[in-house]
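**Student:** First the structure, which I've put down as structure tokens, then a few questions once you've had a look.
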Amino acid sequence: MTVSRAIEKVTQRIIDNSRDSRDQYLQRTNDTASDVTERSSLSCGNLAHGMAACNATDKKIISNEEAANLAIITSYNDMLSAHQPYQSYPELIKKTASKYGVTAQVAGGVPAMCDGITQGQTGMELSLFSRDLIAMSTAVSLSHNMFDGVLCLGVCDKIVPGLLIGTLSFGHLPTVFLPAGPMPTGQGNDEKAKIRKDFAAGKIGRAELLASESASYHSAGTCTFYGTANSNQMLMEIMGLHLPGSSFIPPNTPMREVLTEKAVEILIEQLNGKRVLTPVSEIISEKTIVNGLVGLLATGGSTNHAIHLIAIARAAGIIVDWQDMADLSKNVPLLCRIYPNGSADINHFQAAGGMAYLMRELATAGLLHQDVMTIMGNGLEPYFLEPRLILDPKAEIYRSASEVSASQQTIVWGNTIDSSFDEDVLRPAQRPFTNEGGLKLLTGNLGRSVIKVSAVAEEHQIVEAPAKVFNSQEEFQQAFDESQLNEDFVAVIRFQGPKTNGMPELHKLTPLLAILQDKGFKVAIVTDGRMSGASGKIPAAIHLVPEASEGGLIAKIQDGDLIRLDSKLGELNVLKPKEEIEQRNAATVNSANNLGVGRELFALFRDGVSSAELGASIFK
């Protein structure tokens, strides 16, 4: 099935803009590829070092230089609920590999910080930069020429993009991403949001807030709201790097374990010739990137991917910008309502039909390229089917089989979901929540920025009000505490871009502005920082470029300047002659804020980082 003319037009523009850089990337990848095992190029001393700690059986297999050796790149730590389940994965992977006469080694670990822990804290200023550090760590892990295929263990915000950018530098290797799955549903999202606002308003204390948060984030697995972590999982599946239907299966269940084993088998089958070999450089193509963007728009995914997908694409020689995203958004309907764009969580989405139903609907509507490569081979058809666990041909266990051990089961794909089980959460393409996706490009005399409007009510999508200017979240909090914000205004939060302080997310603002909006005030945000997938119902022009530290006009805005944010027309302007504002002296920020809590170690990143629209990356 062909894609719509609108999708094809954007795709062709990306192909044309990427022609030289993509050709260079593919040539570099092809020059690295080989028909023999990676380690055959190593000297005996090199190889001896690489297998010194292996058991006798694995040493024999590795030294034979015929069977494949799989690299495990893990982000495991037991502080992050999403990554704690990965503790048992290496042993399961090695056990599965051994059945096929193949070996696997943990090639390296990558850092995995949690934005949920660092929100509003100084450590958040390292978060975005950790993505490129993870990419570099991945490259170091694969640099030993010991490995013929890659298994990436990662879930959360910067980890998955970093792993993918890193593996794209080894684009000749087939690569599979292994999800860990979401934690079970805890406290409802509406109640969580209400309690956060009550705390911000001083109606309840810290003990009540902590009890609420602990009821929401309560066990191993990904946080269940649809932020960047779960947007990552959606992207890995729609881009063909996950097994079909594997993204949102809870951890520590037979289905999760069998899916993990199957993913290892799929990679081995690529390497032993039983399945078409699909190096990651062939999976990540211009059409795959467009499919990822379509999925992001159709689900109302995290705005962080207005940065990450650009960086991922560039790592594969593909040039994408916000105009491409905006043009796609005009033609991609919003099919999902998942918190913060609704009250349902990711488990509810999975129960309503999940990725299999979503992808089939998008493909049927001509919104997905189906002539793409995935870890399953050529085409997206396997991704339209939901996996089942089976005991034998006569006894099926659908989705969950907690009473039967994983070792007694296998997995098949064959279940087609013909309709959504809950159209309040997941809808067919013919009856979308809105006819356009939730992401828009804003342009005007302040520069270029993006806004996520899928959760913003119609009456709040245009705001014209005086500016109130702040250089930090803390300044805004102080003004709120002193009751200085009880009026219509546009909060200008500047010096939050990547070159200034690493572009931390500004979630401290969300409950405070929600309180003011509920009081009837017209409020909005304009910032060169990030708000991620949780910006919610407040209109927020984010990722503004050029940022304040790069001469952006935002550095010259003053209190009282009238600002108009019109998300319907895609415009963001300060309603004064640009020449008048340019004559003002630009504000400055205290450079001492770049010291302490590890920030001084990332000075080279701040100095060399590109703009948000270029992926906020240190890689050129």
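By convention here, the chains of the structure tokens are called A, B, ... in the order presented, each chain's residues are numbered starting at 1, and ligands are numbered starting at 1 in the order presented.
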Give me the residues within 8 Å of Asn573 in chain A as a list of chain:residue names, counting only C-alpha atoms and dropping any in the same chain fewer than 6 places off.

**Tutor:**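 Selected residues are A:Thr443, A:Gly444, A:Asn445, A:Leu446, A:Ile563, A:Arg564, A:Leu565.
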
**Student:** When you look at range 380-385 of chain A with a cut-off of 6 Å (counting only C-alpha atoms), what residues show up, excluding the ones that are within fewer than 5 positions of it in the same chain? I need them as an mmCIF file with N, CA and C atoms, in the first residue's frame.

**Tutor:**
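Final output, result15.cif:
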data_model
loop_
_atom_site.group_PDB
_atom_site.id
_atom_site.type_symbol
_atom_site.label_atom_id
_atom_site.label_comp_id
_atom_site.auth_asym_id
_atom_site.auth_seq_id
_atom_site.Cartn_x
_atom_site.Cartn_y
_atom_site.Cartn_z
ATOM 1 N N PRO A 244 7.676 -7.084 17.147
ATOM 2 C CA PRO A 244 6.278 -6.631 17.102
ATOM 3 C C PRO A 244 5.551 -6.910 18.414
ATOM 4 N N ALA A 356 -0.064 -2.748 17.707
ATOM 5 C CA ALA A 356 -0.535 -3.505 16.543
ATOM 6 C C ALA A 356 -1.716 -2.802 15.890
ATOM 7 N N ARG A 360 -1.470 -0.644 12.262
ATOM 8 C CA ARG A 360 -2.319 -1.088 11.152
ATOM 9 C C ARG A 360 -3.242 0.032 10.692
ATOM 10 N N GLN A 370 5.484 1.294 4.144
ATOM 11 C CA GLN A 370 5.595 -0.128 4.448
ATOM 12 C C GLN A 370 6.785 -0.790 3.764
ATOM 13 N N TRP A 413 2.894 -14.809 16.281
ATOM 14 C CA TRP A 413 2.140 -13.628 15.913
ATOM 15 C C TRP A 413 1.018 -14.061 14.982
ATOM 16 N N GLY A 414 -0.190 -13.683 15.298
ATOM 17 C CA GLY A 414 -1.293 -14.100 14.453
ATOM 18 C C GLY A 414 -2.616 -13.475 14.830
ATOM 19 N N ASN A 415 -2.628 -12.682 15.873
ATOM 20 C CA ASN A 415 -3.876 -12.087 16.330
ATOM 21 C C ASN A 415 -4.043 -10.693 15.747
ATOM 22 N N THR A 416 -5.076 -10.496 14.957
ATOM 23 C CA THR A 416 -5.379 -9.184 14.389
ATOM 24 C C THR A 416 -6.458 -8.510 15.226
#

**Student:** What lies within 6 Å of His172 in chain A using only C-alpha atoms, ignoring chain neighbours under 5 positions off, as a compact mmCIF listing (two decimals) with C-alpha atoms, in the first residue's frame?

**Tutor:**
# COMPACT_ATOMS: atom_id res chain seq x y z
CA THR A 29 29.21 1.83 6.64
CA ALA A 33 31.15 -4.29 6.57
CA PRO A 279 22.08 -3.97 9.60

**Student:** Would you give me, as a PyMOL selection string, the residues in range 466-551 of chain A that DSSP reads as strand (DSSP E or B)?

**Tutor:** chain A and resi 466-470+489-493+505+523-527+530+540-545

**Student:** Please measure the separation of CA of Ser40 in chain A and CA of Phe170 in chain A, giving the value in Å to one decimal.

**Tutor:**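 Interatomic distance, CA of Ser40 in chain A to CA of Phe170 in chain A: 16.8 Å.
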
**Student:** Determine the nearest neighbour of Ala263 in chain A from the options A:Tyr357, A:Phe476, A:Tyr89, A:Phe489, counting only C-alpha atoms.

**Tutor:**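 Going through A:Tyr357, A:Phe476, A:Tyr89, A:Phe489 one by one, the smallest distance to Ala263 in chain A is for A:Tyr89.
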
**Student:** Report as a list in words all protein, DNA and RNA residues lying within 10 Å of Tyr76 in chain A, evaluated on only C-alpha atoms, omitting residues in the same chain fewer than 6 positions from it.

**Tutor:**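 Final neighbour list, sorted by chain and number: Ala82, His83, Gln84, Pro85, Tyr86, Gln87, Ser88, Tyr89, Gly109, Val110, Pro111, Ala112, Leu153, Gly154 and Val155 of chain A.
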
**Student:** Tell me, as a list in words, which residues lie within 12 Å of Glu66 in chain A, counting only C-alpha atoms; anything in the same chain fewer than 5 positions away does not count.

**Tutor:**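 The contact residues come out as Asp35, Val36, Thr37, Glu38, Arg39, Ser40, Lys60, Ile61, Gly101, Val102, Thr103, Phe147, Asp148, Leu271 and Asn272 of chain A.
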
**Student:** Output the selection as a tab-separated table (two decimals), in the first residue's frame - N, CA and C atoms for each residue.

**Tutor:**
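Result file is out18.tsv:
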chain	number	residue	atom	x	y	z
A	35	ASP	N	32.26	-9.94	5.35
A	35	ASP	CA	31.56	-11.22	5.27
A	35	ASP	C	32.02	-12.21	6.34
A	36	VAL	N	33.05	-11.85	7.08
A	36	VAL	CA	33.57	-12.75	8.11
A	36	VAL	C	33.27	-12.17	9.48
A	37	THR	N	33.44	-12.96	10.52
A	37	THR	CA	33.17	-12.48	11.87
A	37	THR	C	34.10	-11.32	12.21
A	38	GLU	N	33.60	-10.43	13.03
A	38	GLU	CA	34.35	-9.23	13.37
A	38	GLU	C	35.73	-9.56	13.94
A	39	ARG	N	35.78	-10.51	14.83
A	39	ARG	CA	37.02	-10.74	15.57
A	39	ARG	C	38.11	-11.43	14.74
A	40	SER	N	37.79	-11.83	13.50
A	40	SER	CA	38.80	-12.49	12.66
A	40	SER	C	39.95	-11.55	12.32
A	60	LYS	N	36.06	-21.73	23.41
A	60	LYS	CA	36.23	-22.58	22.25
A	60	LYS	C	35.45	-22.03	21.05
A	61	ILE	N	34.20	-21.58	21.32
A	61	ILE	CA	33.37	-21.04	20.24
A	61	ILE	C	33.96	-19.75	19.69
A	101	GLY	N	24.61	-22.32	19.66
A	101	GLY	CA	26.05	-22.36	19.46
A	101	GLY	C	26.66	-20.99	19.27
A	102	VAL	N	26.02	-19.98	19.85
A	102	VAL	CA	26.45	-18.59	19.71
A	102	VAL	C	26.82	-18.06	21.09
A	103	THR	N	27.70	-17.10	21.15
A	103	THR	CA	28.10	-16.50	22.42
A	103	THR	C	27.59	-15.06	22.52
A	147	PHE	N	32.43	-8.24	18.02
A	147	PHE	CA	31.01	-8.54	17.98
A	147	PHE	C	30.43	-8.50	16.57
A	148	ASP	N	29.43	-9.37	16.35
A	148	ASP	CA	28.79	-9.49	15.04
A	148	ASP	C	27.34	-9.00	15.05
A	271	LEU	N	22.12	-13.63	11.59
A	271	LEU	CA	23.56	-13.87	11.47
A	271	LEU	C	23.88	-15.25	10.91
A	272	ASN	N	22.97	-16.22	11.10
A	272	ASN	CA	23.27	-17.56	10.58
A	272	ASN	C	22.59	-17.84	9.23

**Student:** Set the distance at 10 Å and use only C-alpha atoms: which residues neighbour Ala524 in chain A once local chain neighbours fewer than 4 positions away are removed? I'd like the list as a PDB file with C-alpha atoms, in the first residue's frame.

**Tutor:**
ATOM      1  CA  HIS A 460      -5.936  28.555  25.268  1.00  0.00           C
ATOM      2  CA  GLN A 461      -4.239  28.022  21.923  1.00  0.00           C
ATOM      3  CA  ILE A 462      -3.942  31.775  21.335  1.00  0.00           C
ATOM      4  CA  VAL A 463      -2.518  33.941  24.109  1.00  0.00           C
ATOM      5  CA  GLU A 464      -1.646  37.633  23.830  1.00  0.00           C
ATOM      6  CA  ALA A 465      -0.379  39.111  27.078  1.00  0.00           C
ATOM      7  CA  ALA A 467       5.772  39.321  29.258  1.00  0.00           C
ATOM      8  CA  ASP A 488      -2.674  37.435  32.333  1.00  0.00           C
ATOM      9  CA  PHE A 489       0.966  37.056  31.239  1.00  0.00           C
ATOM     10  CA  VAL A 490       3.446  35.157  29.107  1.00  0.00           C
ATOM     11  CA  ALA A 491       6.243  33.655  31.186  1.00  0.00           C
ATOM     12  CA  VAL A 492       9.533  34.167  29.338  1.00  0.00           C
ATOM     13  CA  LEU A 513       0.876  27.711  35.685  1.00  0.00           C
ATOM     14  CA  ALA A 514      -1.985  25.189  35.804  1.00  0.00           C
ATOM     15  CA  GLN A 517      -4.904  28.989  34.334  1.00  0.00           C
ATOM     16  CA  LYS A 537      -2.562  21.969  29.081  1.00  0.00           C
ATOM     17  CA  ILE A 538      -0.375  25.104  29.219  1.00  0.00           C
ATOM     18  CA  PRO A 539       0.551  26.551  25.807  1.00  0.00           C
ATOM     19  CA  ALA A 540       4.334  26.374  25.758  1.00  0.00           C
ATOM     20  CA  ALA A 541       6.600  27.633  22.968  1.00  0.00           C
ATOM     21  CA  ILE A 563       3.807  38.817  23.244  1.00  0.00           C
ATOM     22  CA  ARG A 564       1.391  36.973  21.002  1.00  0.00           C
ATOM     23  CA  LEU A 565       1.523  33.172  20.817  1.00  0.00           C
TER      24      LEU A 565
END

**Student:** With a distance cut-off of 7 Å and only C-alpha atoms, select the neighbouring residues of Val425 in chain A, excluding the residue or stretch itself and same-chain residues fewer than 2 positions from it, and output the selection as a list in words.

**Tutor:**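 With the cut-off at 7 Å, the set is Cys336, Arg337, Ile338, Ala344, Phe349, Asp422, Glu423 and Arg427 of chain A.
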
**Student:** With N, CA and C atoms retained, export the selected residues as a PDB file, in the first residue's frame.

**Tutor:**
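Heads up, here's the output in result.pdb:
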ATOM      1  N   CYS A 336      -4.580   9.023  19.711  1.00  0.00           N
ATOM      2  CA  CYS A 336      -4.435   8.551  21.095  1.00  0.00           C
ATOM      3  C   CYS A 336      -4.678   9.667  22.099  1.00  0.00           C
ATOM      4  N   ARG A 337      -5.224   9.280  23.235  1.00  0.00           N
ATOM      5  CA  ARG A 337      -5.312  10.151  24.397  1.00  0.00           C
ATOM      6  C   ARG A 337      -4.687   9.413  25.575  1.00  0.00           C
ATOM      7  N   ILE A 338      -3.407   9.688  25.797  1.00  0.00           N
ATOM      8  CA  ILE A 338      -2.671   9.076  26.894  1.00  0.00           C
ATOM      9  C   ILE A 338      -2.068  10.214  27.720  1.00  0.00           C
ATOM     10  N   ALA A 344      -5.751   8.340  30.591  1.00  0.00           N
ATOM     11  CA  ALA A 344      -5.306   6.949  30.529  1.00  0.00           C
ATOM     12  C   ALA A 344      -3.788   6.852  30.571  1.00  0.00           C
ATOM     13  N   PHE A 349      -3.540   2.045  27.083  1.00  0.00           N
ATOM     14  CA  PHE A 349      -3.308   2.059  25.638  1.00  0.00           C
ATOM     15  C   PHE A 349      -3.051   0.648  25.113  1.00  0.00           C
ATOM     16  N   ASP A 422     -11.214   0.593  23.354  1.00  0.00           N
ATOM     17  CA  ASP A 422     -11.620   1.789  24.100  1.00  0.00           C
ATOM     18  C   ASP A 422     -11.300   3.012  23.247  1.00  0.00           C
ATOM     19  N   GLU A 423     -12.316   3.562  22.600  1.00  0.00           N
ATOM     20  CA  GLU A 423     -12.094   4.706  21.716  1.00  0.00           C
ATOM     21  C   GLU A 423     -11.911   6.016  22.468  1.00  0.00           C
ATOM     22  N   ARG A 427      -8.190   5.468  18.860  1.00  0.00           N
ATOM     23  CA  ARG A 427      -9.256   5.558  17.857  1.00  0.00           C
ATOM     24  C   ARG A 427      -8.781   5.140  16.475  1.00  0.00           C
TER      25      ARG A 427
END

**Student:** Which of these residues is nearest to Ser483 in chain A, using only C-alpha atoms: A:Lys578, A:Met51, A:Ser281, A:Leu512?

**Tutor:**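 Among the listed residues, the smallest separation from Ser483 in chain A belongs to A:Leu512.
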
**Student:** How many Å separate CA of Leu241 in chain A from CA of Glu613 in chain A?

**Tutor:**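 Atom-to-atom, CA of Leu241 in chain A and CA of Glu613 in chain A are spaced 24.7 Å apart.
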
**Student:** Out of A:Leu296, A:Ile165, A:Ala200, A:Leu439, which residue has the shortest atom-to-atom distance to Tyr226 in chain A when counting only C-alpha atoms?

**Tutor:**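 Looking at the shortest contact to Tyr226 in chain A, the residue is A:Leu296.
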
**Student:** Select from range 144-198 of chain A everything DSSP, run on the backbone, classes as helix (DSSP H, G or I), then give the selection as number ranges by chain.

**Tutor:** A: 159-168, 189-198

**Student:** What would the file look like if the residues just selected were written as a PDB file, in the first residue's frame with N, CA and C atoms?

**Tutor:**
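This went into result-v8.pdb:
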ATOM      1  N   ILE A 159      18.504   7.647  27.006  1.00  0.00           N
ATOM      2  CA  ILE A 159      19.243   6.404  26.863  1.00  0.00           C
ATOM      3  C   ILE A 159      19.008   5.770  25.502  1.00  0.00           C
ATOM      4  N   VAL A 160      17.759   5.626  25.095  1.00  0.00           N
ATOM      5  CA  VAL A 160      17.460   5.004  23.809  1.00  0.00           C
ATOM      6  C   VAL A 160      18.019   5.822  22.641  1.00  0.00           C
ATOM      7  N   PRO A 161      17.782   7.135  22.582  1.00  0.00           N
ATOM      8  CA  PRO A 161      18.414   7.902  21.494  1.00  0.00           C
ATOM      9  C   PRO A 161      19.935   7.789  21.503  1.00  0.00           C
ATOM     10  N   GLY A 162      20.553   7.806  22.683  1.00  0.00           N
ATOM     11  CA  GLY A 162      22.002   7.689  22.754  1.00  0.00           C
ATOM     12  C   GLY A 162      22.496   6.351  22.261  1.00  0.00           C
ATOM     13  N   LEU A 163      21.807   5.269  22.671  1.00  0.00           N
ATOM     14  CA  LEU A 163      22.185   3.940  22.196  1.00  0.00           C
ATOM     15  C   LEU A 163      22.068   3.838  20.676  1.00  0.00           C
ATOM     16  N   LEU A 164      20.994   4.409  20.129  1.00  0.00           N
ATOM     17  CA  LEU A 164      20.796   4.312  18.684  1.00  0.00           C
ATOM     18  C   LEU A 164      21.823   5.149  17.922  1.00  0.00           C
ATOM     19  N   ILE A 165      22.107   6.347  18.405  1.00  0.00           N
ATOM     20  CA  ILE A 165      23.143   7.164  17.758  1.00  0.00           C
ATOM     21  C   ILE A 165      24.481   6.428  17.789  1.00  0.00           C
ATOM     22  N   GLY A 166      24.795   5.809  18.926  1.00  0.00           N
ATOM     23  CA  GLY A 166      26.056   5.081  19.043  1.00  0.00           C
ATOM     24  C   GLY A 166      26.125   3.887  18.118  1.00  0.00           C
ATOM     25  N   THR A 167      25.049   3.102  18.042  1.00  0.00           N
ATOM     26  CA  THR A 167      25.083   1.923  17.175  1.00  0.00           C
ATOM     27  C   THR A 167      25.094   2.304  15.701  1.00  0.00           C
ATOM     28  N   LEU A 168      24.546   3.467  15.355  1.00  0.00           N
ATOM     29  CA  LEU A 168      24.590   3.902  13.955  1.00  0.00           C
ATOM     30  C   LEU A 168      26.018   4.173  13.486  1.00  0.00           C
ATOM     31  N   ASN A 189      -3.862   9.145  36.893  1.00  0.00           N
ATOM     32  CA  ASN A 189      -3.141  10.364  36.530  1.00  0.00           C
ATOM     33  C   ASN A 189      -3.894  11.634  36.903  1.00  0.00           C
ATOM     34  N   ASP A 190      -5.220  11.618  36.824  1.00  0.00           N
ATOM     35  CA  ASP A 190      -5.986  12.800  37.207  1.00  0.00           C
ATOM     36  C   ASP A 190      -5.775  13.121  38.684  1.00  0.00           C
ATOM     37  N   GLU A 191      -5.791  12.086  39.515  1.00  0.00           N
ATOM     38  CA  GLU A 191      -5.594  12.288  40.948  1.00  0.00           C
ATOM     39  C   GLU A 191      -4.176  12.771  41.229  1.00  0.00           C
ATOM     40  N   LYS A 192      -3.209  12.203  40.534  1.00  0.00           N
ATOM     41  CA  LYS A 192      -1.816  12.632  40.712  1.00  0.00           C
ATOM     42  C   LYS A 192      -1.663  14.110  40.374  1.00  0.00           C
ATOM     43  N   ALA A 193      -2.232  14.537  39.243  1.00  0.00           N
ATOM     44  CA  ALA A 193      -2.130  15.940  38.827  1.00  0.00           C
ATOM     45  C   ALA A 193      -2.812  16.862  39.828  1.00  0.00           C
ATOM     46  N   LYS A 194      -3.957  16.428  40.354  1.00  0.00           N
ATOM     47  CA  LYS A 194      -4.690  17.239  41.327  1.00  0.00           C
ATOM     48  C   LYS A 194      -3.865  17.441  42.596  1.00  0.00           C
ATOM     49  N   ILE A 195      -3.253  16.375  43.072  1.00  0.00           N
ATOM     50  CA  ILE A 195      -2.470  16.473  44.311  1.00  0.00           C
ATOM     51  C   ILE A 195      -1.245  17.349  44.104  1.00  0.00           C
ATOM     52  N   ARG A 196      -0.642  17.275  42.923  1.00  0.00           N
ATOM     53  CA  ARG A 196       0.496  18.152  42.649  1.00  0.00           C
ATOM     54  C   ARG A 196       0.081  19.624  42.684  1.00  0.00           C
ATOM     55  N   LYS A 197      -1.069  19.916  42.115  1.00  0.00           N
ATOM     56  CA  LYS A 197      -1.547  21.308  42.143  1.00  0.00           C
ATOM     57  C   LYS A 197      -1.889  21.730  43.568  1.00  0.00           C
ATOM     58  N   ASP A 198      -2.475  20.822  44.348  1.00  0.00           N
ATOM     59  CA  ASP A 198      -2.810  21.142  45.738  1.00  0.00           C
ATOM     60  C   ASP A 198      -1.549  21.450  46.545  1.00  0.00           C
TER      61      ASP A 198
END

**Student:** Report, in Å to a single decimal, how far apart CA of Leu126 in chain A and CA of Arg599 in chain A are.

**Tutor:**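 Spanning CA of Arg599 in chain A to CA of Leu126 in chain A is a straight-line distance of 6.8 Å.
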